[in-house]
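Q: This is the structure I have questions about; it appears just below.
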Amino acid sequence: MKVGNTHYRSIWPDDSRRGVHIVDQTRLPFEFGTVFLESRDAVAHAIRTMQVRGAPLIGVTAAFGLALAMDADSSNASLEDSAALLNATRPTAVNLAWALKRAVAHLVRLPHQSRAAAAWALARKMADEDVATNAAIGELGAGVIRALHAQKQDTVNILTHCNTGWVATVDWGTALAAIYKAHDAGIPVHVWVDETRPRNQGLLTAWELRQHGVPHTYIVDNAGGHLMQHGKVDVVMVGADRVSRHGDVANKIGTYLKALAAQDNGVPFYAALPVSTIDFALEDALGDIEIEERDGEEVRWISGQQPEAKPQHGRVSPGESGPGTAPVLGFGRLRLLDEASPAANPAFDVTPSHLITGIITERGVFKPDDVAALESAP
Ligand code: MRU
């Protein structure tokens with residue numbers, strides 16, 4: 001992740017095992033600041049409140065949370081309890097359960113006195129693996145963009161929804177990794193960026209693309225179909241939070257509508273994700289994925305910066321601050337809807353496999369029907 005001229009990851013442990021540093025995504029894009037998490041409960045809070053978010057990143061963060069729990073509990077009696085507590089922070093992205101299951105399976109076989117060190121080592125390993133996995137997804141996804149460019153011989157216009165970039169992972173991202181790699185390889189790209197409600201995560205994407213120098217335009221969620229009808233989108237590339245063994249994709253709310261518009265307009269639609277996002281036990285995505293229902297307050301209010309405050313886009317805050325103490329200049333909330341109307345806030349939807357052209361993973365680009373084979377493949 002490039003912020004100014006400095007390279008960051010979204011999460012990194014301190015050397016003394018006191019805690020783990022995260023980029024506080026609730027302050028982006030207004031300010032780039034970090035938070036130091038020193039306990040399992042602080043990690044759980046950070047995931048729940050979306051200071052860290054994005055399917056791959058919440059998995060790795062939870063693994064560090066388990067390491068902190070192991071350090072705090074000398075009897076190590078709380079391994080399963082801590083894993084259950086962390087797993088309950090967010091229900092939809094399967095990477096969270098995947099990472100915790102992997103950590104518990106590894107730690108439970110070890111003597112109690114070795115578990116804390118092993119938990120830290122595993123969390124670090126998972127963070128490094130995530131970076132390598134996403135770099136591989138990026139290379140393969142860039143191949144898809146390269147092929148489109150070879151056909152078109154002009155700038156490839158890519159529509160992406162939500163944020164699938166550096167800050168959704170430990171580094172690189174998934175769908176955005178493909179865009180970064182294509183841009184770095186000299187393929188001319190332009191990105192239509194959305195997810196303007198409910199979470200405004202398109203703002204994170206625009207911020208990242210700006211840092212990396214990738215041409216982009218921010219649009220409201222409802223603009224995608226119109227742009228596709230007018231030939232202004234060559235491909236849609238999104239991420240995923242959970243994928244069924246049949247290739248149905250749960251992703252940020254609104255993804256399904258993009259896929260419908262893409263099919264109606266003959267625009268290819270790709271989801272980019274690590275194999276750890278595939279829930280091989282899941283047959284019925286629509287029936288069996290728990291779609292997170294977030295607080296209606298998130299849609300009653302909107303957050304932003306007052307017009308008189310200067311944007312702090314690239315600014316790195318001088319020190320760390322605790323949760324909720326971000327001193328962002330002129331940052332505030334505005335109420336949109338009062339209590340008189342009920343508000344619902346489903347956070348994800350499911351795009352059925354028949355609307356998906358391909359699934360880009362670190363192991364190759366697959367037809368949705370073919371992802372189940374990855375369960376047994378090396
Ligand atoms: O609610 P979030 O922000 O955790 O959801 C993130 C998304 O839906 C992303 O599109 C998806 O996780 C892919 S992240 C590489």
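As shown in the structure tokens, the chain order sets the letters A, B, ...; within each chain, residues go from 1, and ligands are also counted from 1 in the order they appear.
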Dump as a tab-separated table the rows for residues of chain A within 7 Å of ligand 1: closest atom pair and distance in Å with one decimal, only C-alpha atoms and all ligand atoms counted, ordered by chain and rising residue number.
A:
residue	atom	partner	partner_atom_place_in_ligand_line	distance
A:Met50	CA	ligand 1	4 (O)	7.0
A:Arg53	CA	ligand 1	4 (O)	4.0
A:Gly54	CA	ligand 1	4 (O)	3.7
A:Ala55	CA	ligand 1	12 (O)	4.1
A:Pro56	CA	ligand 1	15 (C)	6.0
A:Ala93	CA	ligand 1	12 (O)	6.8
A:His161	CA	ligand 1	10 (O)	6.8
A:Cys162	CA	ligand 1	10 (O)	5.1
A:Asn163	CA	ligand 1	10 (O)	5.4
A:Thr164	CA	ligand 1	15 (C)	3.8
A:Gly165	CA	ligand 1	15 (C)	6.2
A:Ala168	CA	ligand 1	14 (S)	4.8
A:Thr169	CA	ligand 1	15 (C)	5.8
A:Gly173	CA	ligand 1	15 (C)	5.5
A:Thr174	CA	ligand 1	15 (C)	5.1
A:Val238	CA	ligand 1	10 (O)	6.2
A:Gly239	CA	ligand 1	13 (C)	3.9
A:Ala240	CA	ligand 1	11 (C)	4.4
A:Asp241	CA	ligand 1	12 (O)	4.6
A:Asn251	CA	ligand 1	8 (O)	4.5
A:Lys252	CA	ligand 1	8 (O)	3.7
A:Leu273	CA	ligand 1	15 (C)	6.7
A:Ala347	CA	ligand 1	1 (O)	6.5
A:Phe348	CA	ligand 1	8 (O)	6.8
Q: Report as a tab-separated table: every residue of stretch 141-255 of chain A with an atom at most 10 Å from stretch 10-16 of chain A, its closest pair of atoms, and their distance in Å to one decimal, counting only C-alpha atoms, with rows sorted by chain and ascending residue number.
A:
residue	atom	partner	partner_atom	distance
A:Trp166	CA	A:Ser10	CA	6.9
A:Val167	CA	A:Ser10	CA	5.5
A:Ala168	CA	A:Ser10	CA	8.0
A:Thr169	CA	A:Ser10	CA	6.9
A:Val170	CA	A:Ser10	CA	5.0
A:Asp171	CA	A:Ser10	CA	6.5
A:Trp172	CA	A:Ser10	CA	9.8
Q: Rounded to one decimal place, report the atom CA of A:Gly304-atom CA of A:Gln201 distance in Å.
A: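 Between atom CA of A:Gly304 and atom CA of A:Gln201 the gap is 12.5 Å.
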Q: Report, in Å to a single decimal, how far apart atom CA of A:Gln25 and atom CA of A:Val52 are.
A: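 Result for atom CA of A:Val52 versus atom CA of A:Gln25: 6.1 Å, one decimal.
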Q: Name the residues of stretch 25-146 of chain A that fall into alpha helix (DSSP H) according to DSSP on the backbone, using the chain letters and numbers of this document, as an NGL selection string.
A: :A and (40-48 or 55-72 or 79-87 or 94-107 or 112-146)
Q: Which residues are close to stretch 179-182 of chain A, i.e. within 9 Å by only C-alpha atoms, leaving aside same-chain residues fewer than 6 positions away? Reply as an MDAnalysis selection string.
A: chainID A and resid 135 138:139 141:143 145:146 158 172 188:189 191 209 212 214
Q: Okay, now the selection with C-alpha atoms, as a compact mmCIF listing (two decimals), in the first residue's frame?
A:
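Final file, result.txt:
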# COMPACT_ATOMS: atom_id res chain seq x y z
CA ALA A 135 -0.30 -10.53 -5.69
CA GLY A 138 -3.56 -9.46 -9.27
CA GLU A 139 -1.33 -11.05 -11.92
CA GLY A 141 -6.70 -10.61 -13.06
CA ALA A 142 -4.36 -8.32 -14.98
CA GLY A 143 -4.30 -11.05 -17.64
CA ILE A 145 -7.65 -6.89 -18.45
CA ARG A 146 -4.75 -7.41 -20.87
CA ILE A 158 -13.54 -1.17 -15.45
CA TRP A 172 -2.59 -5.48 -2.83
CA PRO A 188 -4.34 1.88 -20.08
CA VAL A 189 -7.23 1.54 -17.61
CA VAL A 191 -11.99 2.78 -13.24
CA LEU A 209 -6.49 4.65 -6.84
CA HIS A 212 -1.43 4.67 -6.97
CA VAL A 214 -4.75 5.06 -11.55
Q: If I take atom CA of A:Glu308 and atom CA of A:Asn5, how far is one from the other in Å, to one decimal?
A: 27.3 Å
Q: Could you pull the residues within 12 Å of A:Phe269, counting only C-alpha atoms, minus those fewer than 3 positions along the same chain, as a PyMOL selection string?
A: chain A and resi 144-145+158-161+175+228+233-239+249+255-266+272+351-360+367-368
Q: Could the residues in this selection be written to a file with C-alpha atoms, as a compact mmCIF listing (two decimals), in the first residue's frame?
A:
# COMPACT_ATOMS: atom_id res chain seq x y z
CA VAL A 144 -8.07 -10.66 -18.04
CA ILE A 145 -7.65 -6.89 -18.45
CA ILE A 158 -13.54 -1.17 -15.45
CA LEU A 159 -16.44 -0.75 -13.05
CA THR A 160 -15.75 -1.85 -9.49
CA HIS A 161 -18.09 -1.88 -6.51
CA ALA A 175 -10.14 -7.03 -7.80
CA MET A 228 -23.15 0.13 -19.42
CA VAL A 233 -17.96 -0.12 -19.21
CA ASP A 234 -15.82 -2.91 -20.70
CA VAL A 235 -15.78 -5.16 -17.64
CA VAL A 236 -17.09 -5.29 -14.07
CA MET A 237 -14.66 -6.56 -11.43
CA VAL A 238 -15.71 -7.03 -7.82
CA GLY A 239 -14.53 -8.92 -4.75
CA VAL A 249 -20.99 -14.87 -4.94
CA THR A 255 -23.26 -6.18 -6.46
CA TYR A 256 -26.22 -8.20 -7.74
CA LEU A 257 -27.73 -5.17 -9.49
CA LYS A 258 -24.41 -4.51 -11.23
CA ALA A 259 -24.34 -8.12 -12.43
CA LEU A 260 -27.90 -7.88 -13.78
CA ALA A 261 -27.07 -4.72 -15.69
CA ALA A 262 -23.83 -6.27 -16.95
CA GLN A 263 -25.66 -9.30 -18.32
CA ASP A 264 -28.31 -7.16 -19.99
CA ASN A 265 -25.57 -5.21 -21.74
CA GLY A 266 -23.18 -8.03 -22.62
CA ALA A 272 -11.73 -11.82 -7.74
CA THR A 351 -25.02 -12.78 -7.27
CA PRO A 352 -25.98 -16.11 -8.83
CA SER A 353 -23.32 -17.90 -10.85
CA HIS A 354 -25.19 -17.60 -14.16
CA LEU A 355 -24.49 -13.85 -14.10
CA ILE A 356 -20.75 -14.36 -13.56
CA THR A 357 -18.27 -14.68 -16.42
CA GLY A 358 -15.32 -15.81 -14.34
CA ILE A 359 -13.88 -16.17 -10.86
CA ILE A 360 -10.31 -14.99 -10.52
CA LYS A 367 -15.92 -20.64 -14.70
CA PRO A 368 -18.17 -20.39 -11.61
Q: As a ChimeraX atom specification, please: the residues near A:Thr217 (cut-off 8 Å, only C-alpha atoms, same-chain neighbours under 4 positions excluded).
A: /A:190-193,206
Q: DSSP on the backbone: which residues in stretch 58-185 of chain A end up as strand (DSSP E or B)? Give the answer as an MDAnalysis selection string.
A: chainID A and resid 156:161
Q: For the selection you just gave me, I'd like the residues written to a file as an mmCIF file, in the first residue's frame, keeping N, CA and C atoms.
A:
data_model
loop_
_atom_site.group_PDB
_atom_site.id
_atom_site.type_symbol
_atom_site.label_atom_id
_atom_site.label_comp_id
_atom_site.auth_asym_id
_atom_site.auth_seq_id
_atom_site.Cartn_x
_atom_site.Cartn_y
_atom_site.Cartn_z
ATOM 1 N N VAL A 156 -9.182 0.437 -21.187
ATOM 2 C CA VAL A 156 -10.182 -0.506 -20.670
ATOM 3 C C VAL A 156 -10.906 0.176 -19.502
ATOM 4 N N ASN A 157 -12.221 0.285 -19.641
ATOM 5 C CA ASN A 157 -13.033 0.900 -18.584
ATOM 6 C C ASN A 157 -13.576 -0.195 -17.678
ATOM 7 N N ILE A 158 -13.189 -0.119 -16.415
ATOM 8 C CA ILE A 158 -13.538 -1.170 -15.455
ATOM 9 C C ILE A 158 -14.464 -0.563 -14.404
ATOM 10 N N LEU A 159 -15.578 -1.212 -14.154
ATOM 11 C CA LEU A 159 -16.439 -0.752 -13.052
ATOM 12 C C LEU A 159 -16.183 -1.655 -11.852
ATOM 13 N N THR A 160 -15.908 -1.061 -10.709
ATOM 14 C CA THR A 160 -15.746 -1.853 -9.490
ATOM 15 C C THR A 160 -16.660 -1.325 -8.398
ATOM 16 N N HIS A 161 -17.121 -2.232 -7.549
ATOM 17 C CA HIS A 161 -18.093 -1.882 -6.511
ATOM 18 C C HIS A 161 -17.466 -2.146 -5.147
#
Q: Restricting the calculation to only C-alpha atoms, which member of A:Val350, A:Leu100, A:Leu85, A:Ala271 is positioned closest to A:Gly287?
A: A:Val350
Q: Considering only C-alpha atoms, give me a table of residues in stretch 44-69 of chain A that are at most 10 Å from stretch 103-106 of chain A, with the closest atom pair and distance in Å for each, as a tab-separated table.
A:
residue	atom	partner	partner_atom	distance
A:Ala62	CA	A:Ala103	CA	9.6
A:Ala63	CA	A:Ala103	CA	6.8
A:Phe64	CA	A:Ala103	CA	9.9
A:Leu66	CA	A:Ala103	CA	8.1
A:Ala67	CA	A:Ala103	CA	9.2
Q: Just N, CA and C atoms for this one: save the residues we selected as a PDB file, in the first residue's frame.
A:
ATOM      1  N   ALA A  62      -8.392 -11.377  12.890  1.00  0.00           N
ATOM      2  CA  ALA A  62      -8.898 -12.277  13.932  1.00  0.00           C
ATOM      3  C   ALA A  62      -7.795 -13.226  14.402  1.00  0.00           C
ATOM      4  N   ALA A  63      -6.922 -13.656  13.476  1.00  0.00           N
ATOM      5  CA  ALA A  63      -5.816 -14.538  13.873  1.00  0.00           C
ATOM      6  C   ALA A  63      -4.896 -13.807  14.867  1.00  0.00           C
ATOM      7  N   PHE A  64      -4.663 -12.516  14.651  1.00  0.00           N
ATOM      8  CA  PHE A  64      -3.875 -11.747  15.623  1.00  0.00           C
ATOM      9  C   PHE A  64      -4.654 -11.592  16.937  1.00  0.00           C
ATOM     10  N   LEU A  66      -6.605 -13.765  18.218  1.00  0.00           N
ATOM     11  CA  LEU A  66      -6.459 -15.030  18.946  1.00  0.00           C
ATOM     12  C   LEU A  66      -5.080 -15.097  19.605  1.00  0.00           C
ATOM     13  N   ALA A  67      -4.070 -14.584  18.922  1.00  0.00           N
ATOM     14  CA  ALA A  67      -2.724 -14.562  19.507  1.00  0.00           C
ATOM     15  C   ALA A  67      -2.703 -13.696  20.766  1.00  0.00           C
TER      16      ALA A  67
END
